[in-house]
Amino acid sequence: MSPTATPVRRQLATPPVPASPFPYNSGSLLSVLDLSLDGLSQLLARATALENQDPLLRDRILAKRRVALLFYESSTRTRTSFELAAKGLGADTTLVSSLSSSIEKGESLKDTGLTLRALGTEAIILRHNSSGAPWLLEESTHLPVLNAGDGMHEHPTQALLDLRTILAHLRAGTGEVNAGTLAGVTVAIVGDILHSRVARSNMLLLPRLGARVLLCGPKELLPEQAAQMGPGIAIERDFDAALGQSQVIMMLRIQAERLAGLQLDLEDYKANYQLTGQRLAAHAPQALVLHPGPIIRGMEVTAGVADGPQSAILEQVRNGVAIRMAVVERALAADRQGGRA
C-alpha cells in the first residue's frame with residue numbers, strides 16, 4: 001500500500017481493513033473497532049479520572065516518555081489537544097510536519113517512521129491524507145500508532161470525544177457503556193458525509209451502543225451506499241424531517257479540499273442543509289448540536305447556532321484533551337508491557 005497513491009473514490013463503502021495481525025501493538029488505536037465495549041468503558045472512565053487528577057501528580061505518569069506528532073495535514077484542534085494531552089501526562093513531544101521535515105524532500109512514510117523510532121520515539125500520533133496510512137506506519141515500525149485522521153477513512157479519537165459529549169448530556173452519570181447505553185437516541189449527521197472520516201468513525205461506533213444514526217445531505221455528498229455501512233444507519237434527505245427525529249445533530253463542513261472537481265450549488269446547499277436558529281427552534285428545540293470543526297460560519301451553521309445554548313461545540317474541544325490523555329496513556333502503557341510487536 002502506498003500512502004501517496006490512494007485514489008479519491010466517489011462512493012461511501014467501508015475501505016478494506018487490513019487483515020490480522022493488526023494492530024501489531026496493543027496500544028495502537030487505528031480504528032474505533034480496535035476497542036471492545038469493555039475497553040471503551042475503561043477508556044472513558046480513565047479519561048474522567050485523568051481530567052480530575054492533580055496536574056502535579058498527573059504529569060509524572062509518562063514523565064520523559066517520547067511521543068511524536070507526525071502531521072501530513074493541517075490541524076488545530078486535534079494536534080493541539082494531542083500535544084497538550086501528552087504533555088499533561090509528562091511526556092516529551094515533538095511535532096513533525098510535511099512542510100518542515102524531510103517529508104518535503106520526498107521521504108516515505110515508512111522511512112520517516114523508522115527514523116523517529118531510531119531517535120527514541122515510543123509512540124506516534126499520525127494524521128495523513130491517505131486512507132490506510134496508520135496501518136502502514138504501524139506495520140513498518142511496530143510502535144503504538146494513534147490515528148489522528150487518515151484520508152476519508154477514520155478519526156477514532158474524534159468519535160470518542162463526540163461520544164463523551166453525548167453521554168454527558170443525554171446519559172449523565174453513565175459509567176460503563178454497553179450495547180444499550182444509547183438505545184432510543186437518534187444522532188443526525190448532516191452535510192459532507194462522503195468525505196468525512198468523522199462521520200465514518202461515528203457510524204462505526206454509535207450503533208454499537210444502540211444509537212440510531214440518521215444521515216442527511218445531498219446525493220453528491222451522501223450516496224445511497226452509506227446506509228449499507230451497518231445496522232442502525234439510515235438516510236433521510238429532508239433536513240427538517242431529520243431534525244424532528246433527532247436528539248443529537250452533528251453538522252459537518254463541506255470539505256472543499258477533497259471535492260476533486262465536484263461542483264455544488266452552495267446557495268441551494270445552504271437553503272436545504274444549513275442549520276439556522278429558526279430551523280432548530282421549529283424542529284429540534286431540545287437537540288444537542290455538535291460540530292467536529294473547523295466551522296464555516298454562514299455555510300453549514302449560522303453564528304447564532306454555533307454560539308447558542310444548544311451548542312456543545314467547545315465542550316467537544318475540551319473533551320478532546322481528556323480522551324486523548326487516556327489514549328496516549330493506553331498507548332505507552334501497552335508499549336512498556338510489551339504489546340504485540
# chains A, B, ... in the order shown; residues from 1 in each chain; ligands from 1
$ residues_around --residues "segment 277-289 of chain A" --least-positions-apart "4" --cutoff "7 Å" --atoms "only C-alpha atoms" --output "MDAnalysis selection string"
chainID A and resid 240 243:244 246:250 304:305 310:312
$ write_last_selection --atoms "N, CA and C atoms" --output "mmCIF file, in the first residue's frame"
data_model
loop_
_atom_site.group_PDB
_atom_site.id
_atom_site.type_symbol
_atom_site.label_atom_id
_atom_site.label_comp_id
_atom_site.auth_asym_id
_atom_site.auth_seq_id
_atom_site.Cartn_x
_atom_site.Cartn_y
_atom_site.Cartn_z
ATOM 1 N N ASP A 240 -35.318 18.968 7.568
ATOM 2 C CA ASP A 240 -36.288 19.264 8.622
ATOM 3 C C ASP A 240 -36.848 17.983 9.232
ATOM 4 N N LEU A 243 -34.190 16.516 11.512
ATOM 5 C CA LEU A 243 -34.120 17.251 12.781
ATOM 6 C C LEU A 243 -35.217 16.803 13.724
ATOM 7 N N GLY A 244 -36.408 16.614 13.185
ATOM 8 C CA GLY A 244 -37.539 16.247 14.026
ATOM 9 C C GLY A 244 -37.413 14.887 14.683
ATOM 10 N N SER A 246 -34.345 13.667 15.805
ATOM 11 C CA SER A 246 -33.013 13.536 16.401
ATOM 12 C C SER A 246 -32.874 14.230 17.742
ATOM 13 N N GLN A 247 -32.126 13.577 18.625
ATOM 14 C CA GLN A 247 -31.750 14.175 19.901
ATOM 15 C C GLN A 247 -30.364 14.821 19.826
ATOM 16 N N VAL A 248 -29.584 14.415 18.835
ATOM 17 C CA VAL A 248 -28.241 14.963 18.624
ATOM 18 C C VAL A 248 -28.101 15.292 17.141
ATOM 19 N N ILE A 249 -27.551 16.479 16.845
ATOM 20 C CA ILE A 249 -27.348 16.897 15.464
ATOM 21 C C ILE A 249 -25.870 17.209 15.284
ATOM 22 N N MET A 250 -25.212 16.438 14.439
ATOM 23 C CA MET A 250 -23.791 16.632 14.176
ATOM 24 C C MET A 250 -23.634 17.240 12.786
ATOM 25 N N GLY A 304 -25.343 32.190 15.136
ATOM 26 C CA GLY A 304 -26.248 32.100 16.276
ATOM 27 C C GLY A 304 -26.386 30.688 16.812
ATOM 28 N N VAL A 305 -26.380 29.713 15.924
ATOM 29 C CA VAL A 305 -26.460 28.313 16.353
ATOM 30 C C VAL A 305 -25.136 27.869 16.963
ATOM 31 N N GLN A 310 -27.811 25.526 22.652
ATOM 32 C CA GLN A 310 -27.854 24.100 22.333
ATOM 33 C C GLN A 310 -26.526 23.573 21.808
ATOM 34 N N SER A 311 -25.576 24.457 21.590
ATOM 35 C CA SER A 311 -24.290 24.068 21.027
ATOM 36 C C SER A 311 -23.353 23.530 22.099
ATOM 37 N N ALA A 312 -22.749 22.370 21.810
ATOM 38 C CA ALA A 312 -21.726 21.793 22.687
ATOM 39 C C ALA A 312 -20.395 21.696 21.952
#
$ select_by_dssp --residues "segment 65-217 of chain A" --states "alpha helix (DSSP H)" --output "PyMOL selection string"
chain A and resi 77-88+109-118+133-141+156-170+197-205
$ closest_atom_pairs --of "segment 122-168 of chain A" --to "segment 184-191 of chain A" --cutoff "12 Å" --atoms "only C-alpha atoms" --output "Markdown table"
| residue | atom | partner | partner_atom | distance |
| --- | --- | --- | --- | --- |
| A:Asp162 | CA | A:Val187 | CA | 11.0 |
| A:Leu163 | CA | A:Val187 | CA | 10.7 |
| A:Ile166 | CA | A:Val187 | CA | 9.5 |
| A:Leu167 | CA | A:Val185 | CA | 10.7 |
$ write_last_selection --atoms "N, CA and C atoms" --output "PDB file, in the first residue's frame"
ATOM      1  N   ASP A 162     -16.728  12.806  20.789  1.00  0.00           N
ATOM      2  CA  ASP A 162     -18.137  13.053  20.480  1.00  0.00           C
ATOM      3  C   ASP A 162     -19.024  12.220  21.393  1.00  0.00           C
ATOM      4  N   LEU A 163     -18.665  10.953  21.570  1.00  0.00           N
ATOM      5  CA  LEU A 163     -19.429  10.082  22.451  1.00  0.00           C
ATOM      6  C   LEU A 163     -19.427  10.601  23.882  1.00  0.00           C
ATOM      7  N   ILE A 166     -21.863  13.433  24.102  1.00  0.00           N
ATOM      8  CA  ILE A 166     -23.248  12.958  24.050  1.00  0.00           C
ATOM      9  C   ILE A 166     -23.660  12.338  25.381  1.00  0.00           C
ATOM     10  N   LEU A 167     -22.806  11.499  25.940  1.00  0.00           N
ATOM     11  CA  LEU A 167     -23.117  10.846  27.205  1.00  0.00           C
ATOM     12  C   LEU A 167     -23.304  11.863  28.321  1.00  0.00           C
TER      13      LEU A 167
END
$ residues_around --residues "Glu329 of chain A" --least-positions-apart "4" --cutoff "9 Å" --atoms "only C-alpha atoms" --output "list of chain:residue names"
A:Gly27, A:Ile61, A:Leu62, A:Ala86, A:Leu89, A:Arg324, A:Met325, A:Ala333, A:Ala334
$ closest_residue --among "A:Leu290, A:Glu236, A:Ile254, A:Ser36" --to "Ala179 of chain A" --atoms "only C-alpha atoms"
A:Ser36
$ residues_around --residues "segment 138-149 of chain A" --least-positions-apart "3" --cutoff "8 Å" --atoms "only C-alpha atoms" --output "number ranges by chain"
A: 22-31, 78, 110, 113-114, 117, 122-129, 134-135, 153-157, 197, 327-328, 331-332, 335, 341
$ atom_distance --atom1 "atom CA of Leu222 of chain A" --atom2 "atom CA of Ala306 of chain A"
23.2 Å
$ closest_residue --among "A:Gly90, A:Val177, A:Leu70, A:Met251" --to "Ala133 of chain A" --atoms "only C-alpha atoms"
A:Leu70
$ atom_distance --atom1 "atom CA of Lys64 of chain A" --atom2 "atom CA of Asp38 of chain A"
29.5 Å
$ atom_distance --atom1 "atom CA of Leu84 of chain A" --atom2 "atom CA of Leu160 of chain A"
17.1 Å
$ closest_residue --among "A:Leu40, A:Ala242, A:Leu161, A:Leu194" --to "Leu314 of chain A" --atoms "only C-alpha atoms"
A:Leu161
$ residues_around --residues "Arg58 of chain A" --least-positions-apart "4" --cutoff "12 Å" --atoms "only C-alpha atoms" --output "MDAnalysis selection string"
chainID A and resid 47 49:54 62:63 85:91 322 325:326 329
$ write_last_selection --atoms "C-alpha atoms" --output "PDB file, in the first residue's frame"
ATOM      1  CA  ALA A  47     -10.362   9.995  30.711  1.00  0.00           C
ATOM      2  CA  ALA A  49     -10.011  10.132  36.205  1.00  0.00           C
ATOM      3  CA  LEU A  50      -7.120  11.840  34.418  1.00  0.00           C
ATOM      4  CA  GLU A  51      -9.109  15.019  33.880  1.00  0.00           C
ATOM      5  CA  ASN A  52      -9.846  15.237  37.598  1.00  0.00           C
ATOM      6  CA  GLN A  53      -6.372  14.285  38.808  1.00  0.00           C
ATOM      7  CA  ASP A  54      -4.000  16.795  40.379  1.00  0.00           C
ATOM      8  CA  LEU A  62       4.530   9.426  31.454  1.00  0.00           C
ATOM      9  CA  ALA A  63       7.472  11.518  32.644  1.00  0.00           C
ATOM     10  CA  ALA A  85      -2.674  15.633  26.445  1.00  0.00           C
ATOM     11  CA  ALA A  86       0.778  14.075  26.119  1.00  0.00           C
ATOM     12  CA  LYS A  87       2.476  16.967  27.908  1.00  0.00           C
ATOM     13  CA  GLY A  88      -0.178  16.888  30.609  1.00  0.00           C
ATOM     14  CA  LEU A  89       0.975  13.358  31.396  1.00  0.00           C
ATOM     15  CA  GLY A  90       4.634  14.441  31.491  1.00  0.00           C
ATOM     16  CA  ALA A  91       5.694  13.119  28.085  1.00  0.00           C
ATOM     17  CA  ALA A 322      -9.252  14.179  28.362  1.00  0.00           C
ATOM     18  CA  MET A 325      -4.783  11.730  27.583  1.00  0.00           C
ATOM     19  CA  ALA A 326      -6.410   8.340  28.100  1.00  0.00           C
ATOM     20  CA  GLU A 329      -1.508   6.692  28.311  1.00  0.00           C
TER      21      GLU A 329
END
$ closest_residue --among "A:Asp59, A:Arg200, A:Leu206, A:Lys219" --to "Thr181 of chain A" --atoms "only C-alpha atoms"
A:Leu206
$ closest_residue --among "A:Leu264, A:Leu214, A:Ala172, A:Ile323" --to "Arg46 of chain A" --atoms "only C-alpha atoms"
A:Ile323
$ closest_residue --among "A:Thr302, A:Gln255, A:Gln225, A:Thr165" --to "Leu44 of chain A" --atoms "only C-alpha atoms"
A:Thr165
$ select_by_dssp --residues "segment 7-254 of chain A" --states "strand (DSSP E or B)" --output "JSON, numbers by chain"
{"A": [29, 66, 67, 68, 69, 70, 71, 92, 93, 94, 95, 96, 97, 123, 124, 125, 126, 127, 128, 145, 146, 147, 148, 149, 150, 154, 186, 187, 188, 189, 190, 212, 213, 214, 215, 216, 233, 234, 235, 248, 249, 250, 251]}
$ residues_around --residues "Gly120 of chain A" --least-positions-apart "6" --cutoff "10 Å" --atoms "only C-alpha atoms" --output "list in words"
Arg65, Arg66, Val67 and Ala68 of chain A
